[in-house]
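S.K.: Before I ask anything, let me first share the structure, which is written out below as structure tokens.
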Amino acid sequence: MTTLPVRKVADIPFAIANLRDASRWLCERSKTGRRGGHVHLLNSYSLALAETNAEFRECVRTATSNFPDGKPISLITKITSRPLSQVRGPSVFERVMDDGRRYGLRHYLLGSTPETLELLVSSLRDRYPGVEIVGSMSPPFSAMSPREYESQDRRIEDTNPDIVWVGLGTPKQDFEAQRLATAGNFFAVAVGAAFDFSAGTKKEAPRWITALGFEWLFRLAAEPKRLWRRYLIGNFVFLYSVIRRGL
């Protein structure tokens with residue numbers, strides 16, 4: 001599986017794939033295919049941000065692949081002849097950890113806090129015996145200097161990873177995945193809140209809420225101060241972008 005079919009939403013290309021296809025594609029491309037790619041799990045907020053931030057828009061438009069993390073993106077395409085299946089970032093992360101064992105994938109984790117990373121690595125190794133977590137790093141939240149980037153990149157390269165999972169929040173993680181993929185011989189995947197969910201430091205929405213497309217509302221209720229602007233304003237900008245740029 002070297003390529004996936006693509007369609008655009010608001011002029012952003014998305015892969016037409018289900019969770020199984022996305023995992024298989026990531027495993028094969030990162031291990032045996034062309035290296036140096038950056039992959040993004042995008043939701044309605046991501047598309048709203050792409051409407052107002054030209055640099056971010058260019059980042060995801062030139063990505064190796066984008067998957068529709070948010071249910072609203074999937075739902076809005078169901079009125080067309082080429083609907084998209086939701087491919088949640090946390091689900092892709094878990095599935096590739098599982099499937100990747102057959103490919104001998106080497107994983108590096110970049111983001112979150114040292115405490116969360118410790119819990120995450122322990123949890124992954126318990127649940128997926130034989131998974132290769134070759135390194136992890138919690139970078140500073142403040143802007144990094146060129147020397148700090150150089151040191152970070154050297155640490156990552158020394159572990160010879162196949163995939164670097166980047167969980168730094170949107171859009172920081174997306175720019176970092178793009179930068180890493182350009183500089184390194186591996187796939188970099190901007191994966192959102194997957195680290196916290198997988199480590200158990202944040203609670204995921206029940207499946208029935210996710211299936212109905214209201215995971216964003218569940219997360220808003222859990223973290224209203226941090227997320228209210230992203231969802232309440234971002235959802236309107238998302239719809240504007242779809243109307244303006246089309247399906």
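Residues are referred to by chain and number: the chain letter is A, B, ... according to the order shown in the structure tokens, the number counts from 1 in that chain, and ligands are numbered separately from 1 in the order shown.
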If you count only C-alpha atoms, which residues fall within 12 Å of Tyr240 of chain A, apart from same-chain ones fewer than 2 positions away, as a list in words?

M.R.: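 Near neighbours after the sequence-gap exclusion: Val9, Ala10, Ser44, Tyr45, Leu47, Ala48, Leu49, Ala50, Glu51, Thr52, Ile233, Gly234, Asn235, Phe236, Val237, Phe238, Val242, Ile243, Arg244, Arg245, Gly246 and Leu247 of chain A.
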
S.K.: With a distance cut-off of 9 Å and only C-alpha atoms, select the neighbouring residues of Ser136 of chain A, excluding the residue or stretch itself and same-chain residues fewer than 5 positions from it, and output the selection as a list in words.

M.R.: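 Answer for this query is His107, Tyr108, Leu109, Leu110, Gly111, Pro114, Leu117, Glu118, Val121 and Ile156 of chain A.
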
S.K.: Apply DSSP to the structure's backbone, then extract all residues of segment 14-68 of chain A labelled alpha helix (DSSP H) and return them as a VMD selection string.

M.R.: chain A and resid 19 to 31 44 to 52 54 to 61

S.K.: Excluding Ser112 of chain A and any residue of its chain fewer than 6 positions from it, enumerate the residues within 7 Å of it, using only C-alpha atoms, and give them as a PyMOL selection string.

M.R.: chain A and resi 138+167-168

S.K.: Go through A:Leu217, A:Asp99, A:Ser30, A:Thr210 one by one, measure the shortest atom-to-atom distance of each to Phe186 of chain A using only C-alpha atoms, and give the residue with the smallest value.

M.R.: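 Smallest distance to Phe186 of chain A is found for A:Ser30.
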
S.K.: Can you pull out the residues contacting Arg127 of chain A? Cut-off 12 Å, using only C-alpha atoms, and skip same-chain residues under 2 positions away; I want them as a VMD selection string.

M.R.: chain A and resid 94 to 95 97 to 98 101 120 to 125 129 to 131 198 to 199
